[in-house]
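Asker: You'll find structure_13.cif just under this line, and it carries mmCIF, C-alpha atoms.
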data_entry
#
loop_
_atom_site.label_atom_id
_atom_site.label_comp_id
_atom_site.auth_asym_id
_atom_site.auth_seq_id
_atom_site.Cartn_x
_atom_site.Cartn_y
_atom_site.Cartn_z
CA MET A 1 162.35 28.68 -113.45
CA VAL A 2 163.37 31.24 -116.06
CA ASN A 3 161.28 34.39 -116.10
CA MET A 4 161.59 35.62 -119.69
CA ASN A 5 160.22 39.05 -118.83
CA GLU A 6 163.06 39.51 -116.31
CA ILE A 7 165.61 38.26 -118.85
CA ILE A 8 164.34 40.69 -121.48
CA SER A 9 164.20 43.57 -118.99
CA ASN A 10 167.75 42.88 -117.79
CA ASN A 11 169.03 42.64 -121.37
CA ILE A 12 167.37 45.95 -122.29
CA MET A 13 168.73 47.70 -119.19
CA ASN A 14 172.25 46.36 -119.79
CA ILE A 15 172.26 47.49 -123.43
CA MET A 16 170.84 50.88 -122.45
CA LYS A 17 173.63 51.33 -119.87
CA GLN A 18 176.30 50.31 -122.38
CA ASN A 19 174.99 52.82 -124.94
CA ASP A 20 174.19 55.59 -122.43
CA LYS A 21 170.49 55.54 -123.37
CA LYS A 22 167.81 56.90 -121.05
CA GLN A 23 164.40 55.46 -120.19
CA ILE A 24 162.72 58.75 -121.12
CA ASP A 25 164.21 58.53 -124.63
CA LEU A 26 162.94 54.96 -125.04
CA ALA A 27 159.52 56.07 -123.80
CA GLY A 28 159.42 58.82 -126.43
CA TYR A 29 160.48 56.41 -129.17
CA LEU A 30 157.78 53.90 -128.18
CA GLY A 31 155.18 56.62 -127.65
CA VAL A 32 154.48 55.67 -124.05
CA SER A 33 155.05 57.33 -120.68
CA LYS A 34 158.21 56.92 -118.63
CA GLN A 35 156.07 55.13 -116.04
CA VAL A 36 155.19 52.45 -118.62
CA ILE A 37 158.88 51.96 -119.40
CA SER A 38 159.67 51.79 -115.69
CA LYS A 39 157.01 49.09 -115.22
CA MET A 40 158.30 47.18 -118.25
CA LEU A 41 161.88 47.23 -116.99
CA SER A 42 160.92 46.32 -113.43
CA GLY A 43 158.87 43.34 -114.57
CA ALA A 44 155.54 44.79 -113.42
CA ARG A 45 154.33 44.96 -117.04
CA MET A 46 154.89 42.52 -119.87
CA ILE A 47 156.69 43.73 -122.99
CA ASN A 48 154.72 42.87 -126.11
CA ALA A 49 156.26 41.85 -129.45
CA ILE A 50 155.74 45.24 -131.10
CA GLU A 51 157.37 47.05 -128.16
CA LEU A 52 160.21 44.54 -128.24
CA GLN A 53 160.79 45.14 -131.94
CA LYS A 54 160.72 48.93 -131.54
CA THR A 55 163.02 48.69 -128.51
CA ALA A 56 165.50 46.66 -130.56
CA GLU A 57 165.34 49.35 -133.30
CA PHE A 58 165.87 52.10 -130.71
CA LEU A 59 168.91 50.30 -129.27
CA GLY A 60 170.28 49.29 -132.68
CA VAL A 61 170.33 45.58 -131.82
CA SER A 62 168.49 42.46 -132.94
CA MET A 63 165.38 41.22 -131.16
CA GLU A 64 167.29 37.99 -130.52
CA SER A 65 169.83 39.86 -128.40
CA LEU A 66 167.01 41.15 -126.20
CA VAL A 67 165.57 37.68 -125.56
CA LYS A 68 168.88 35.83 -125.22
CA VAL A 69 169.08 33.83 -122.02
CA PRO A 70 172.47 34.26 -120.32
CA GLN A 71 174.60 31.21 -119.56
CA VAL A 72 174.44 31.95 -115.83
CA ILE A 73 171.25 33.47 -114.52
CA PRO A 74 171.95 35.53 -111.40
CA GLU A 75 169.44 35.35 -108.55
CA THR A 76 167.49 38.59 -108.81
CA ASN A 77 165.09 37.87 -105.97
CA THR A 78 166.68 39.59 -102.98
CA VAL A 79 164.96 37.37 -100.44
CA LYS A 80 166.06 34.16 -102.19
CA ALA A 81 169.61 35.47 -102.61
CA PHE A 82 169.69 36.36 -98.92
CA MET A 83 168.26 32.93 -97.98
CA GLY A 84 171.43 31.33 -99.28
CA ARG A 85 173.40 33.22 -96.62
CA VAL A 86 171.14 32.38 -93.70
CA GLU A 87 172.21 29.39 -91.65
CA SER A 88 169.31 28.43 -89.38
CA GLN A 89 166.33 26.57 -90.80
CA GLU A 90 163.96 28.78 -88.78
CA ALA A 91 165.34 31.91 -90.45
CA LYS A 92 165.11 30.27 -93.89
CA ASP A 93 161.48 29.29 -93.21
CA GLY A 94 160.70 32.84 -92.09
CA LEU A 95 162.24 34.29 -95.23
CA ALA A 96 160.29 31.83 -97.38
CA ILE A 97 157.05 33.00 -95.75
CA ALA A 98 158.05 36.64 -96.24
CA ASP A 99 158.78 35.90 -99.90
CA GLU A 100 155.34 34.29 -100.34
CA ILE A 101 153.65 37.29 -98.71
CA ALA A 102 155.57 39.69 -100.97
CA ASN A 103 154.50 37.68 -104.02
CA LEU A 104 150.86 37.82 -102.90
CA ILE A 105 151.09 41.59 -102.40
CA CYS A 106 152.59 42.04 -105.88
CA PHE A 107 149.93 39.76 -107.40
CA TYR A 108 147.17 41.75 -105.69
CA ALA A 109 148.64 45.06 -106.91
CA ARG A 110 148.87 43.82 -110.53
CA THR A 111 145.36 42.33 -110.37
CA HIS A 112 143.94 45.54 -108.91
CA GLU A 113 145.67 47.64 -111.59
CA ASN A 114 144.41 45.38 -114.38
CA ALA A 115 140.87 45.42 -112.92
CA GLU A 116 140.83 49.22 -113.01
CA GLU A 117 141.92 49.19 -116.67
CA MET A 118 139.31 46.56 -117.55
CA MET A 119 136.55 48.69 -116.00
CA GLN A 120 137.26 51.54 -118.43
CA PRO A 121 134.76 51.89 -121.30
CA TRP A 122 135.90 50.55 -124.65
CA GLU A 123 136.45 52.90 -127.53
CA ALA A 124 135.08 51.82 -130.88
#
As structure tokens, how would this structure be written, given the file I've shared?

Answerer:
Amino acid sequence: MVNMNEIISNNIMNIMKQNDKKQIDLAGYLGVSKQVISKMLSGARMINAIELQKTAEFLGVSMESLVKVPQVIPETNTVKAFMGRVESQEAKDGLAIADEIANLICFYARTHENAEEMMQPWEA
């Protein structure tokens, strides 16, 4: 399954590397903290349409180039990439369980973070 947030993040990081751009500069341009940019580029936070448009402006590229799906999508999940090199079924099963546990931990962390934000009072 294609994870568009990962595709976008990878495209942004590749273009930033090619143009020698820094995350802190992008953060300043978007008016957010470097931590927000780090979360966006790691996939821990979704990139909204306005941020995508401003990121494209910052990088001097079209929005389409940021959402373009590559012809060959490399396996970015370390556990799944490693599973392809493991020979025994027992080891593959163990890695699959470890991958599920890691996904649950990440889901819990994101849910907990979002819950804390939702508990903040609204500003009118």

Asker: Within 10 Å of A:Asn10, counting only C-alpha atoms, which residues show up once you throw out same-chain ones fewer than 2 positions away? Write them as a list in words, please.

Answerer: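 The filter keeps Met4, Asn5, Glu6, Ile7, Ile8, Ile12, Met13, Asn14, Ile15, Met16, Leu41, Ser42, Gly43, Leu66, Val67 and Thr76 of chain A.
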
Asker: Report, in Å with one decimal, the straight-line distance from atom CA of A:Gly94 to atom CA of A:Tyr108.

Answerer: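 Here the two named atoms are 21.2 Å from each other.
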
Asker: If we count all atoms listed in the file and set the cut-off at 10 Å, which residues sit around A:Gln35, ignoring sequence neighbours fewer than 4 positions away in its own chain? Please answer as a short mmCIF file (atom, residue, chain, number, x, y, z; two decimals) with C-alpha atoms, in the frame of the given file.

Answerer:
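Output (selection_9.cif):
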data_model
loop_
_atom_site.label_atom_id
_atom_site.label_comp_id
_atom_site.auth_asym_id
_atom_site.auth_seq_id
_atom_site.Cartn_x
_atom_site.Cartn_y
_atom_site.Cartn_z
CA GLN A 23 164.40 55.46 -120.19
CA ILE A 24 162.72 58.75 -121.12
CA ALA A 27 159.52 56.07 -123.80
CA LYS A 39 157.01 49.09 -115.22
CA MET A 40 158.30 47.18 -118.25
CA LEU A 41 161.88 47.23 -116.99
#

Asker: Smallest atom-to-atom distance to A:Gln18: which of A:Ala98, A:Ile37, A:Val32, A:Leu59, using only C-alpha atoms?

Answerer: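 The closest residue to A:Gln18 is A:Leu59.
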
Asker: I need the residue nearest A:Gly60 from this list: A:Phe107, A:Met46, A:Lys92, A:Lys21. Use all atoms listed in the file for the distance.

Answerer: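 Under the stated criterion, the closest residue is A:Lys21.
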
Asker: Find, counting only C-alpha atoms, the residue in A:Ala102, A:Glu87, A:Lys22, A:Leu52 that gets nearest to A:Ser38.

Answerer: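 Nearest candidate to A:Ser38 out of A:Ala102, A:Glu87, A:Lys22, A:Leu52: A:Lys22.
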
Asker: Restricting the calculation to only C-alpha atoms: of A:Asp20, A:Glu57, A:Ala44, A:Gly28, which residue gets closest to A:Glu113?

Answerer: A:Ala44

Asker: Mind giving me the straight-line distance from atom CA of A:Ala96 to atom CA of A:Asn3 in Å, one decimal?

Answerer: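 Separating atom CA of A:Ala96 from atom CA of A:Asn3 is a distance of 18.9 Å.
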
Asker: Measuring atom to atom with only C-alpha atoms, identify which of A:Leu95, A:Ile50, A:Ile101, A:Val61 is nearest to A:Asn19.

Answerer: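 Closest to A:Asn19 of all the choices is A:Val61.
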
Asker: For atom CA of A:Leu104 and atom CA of A:Asn11, quote the distance in Å rounded to one decimal.

Answerer: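 Taking atom CA of A:Leu104 and atom CA of A:Asn11, their separation equals 26.4 Å.
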
Asker: If you count only C-alpha atoms, which residues fall within 9 Å of A:Tyr29, apart from same-chain ones fewer than 6 positions away, as a count of residues only?

Answerer: 3
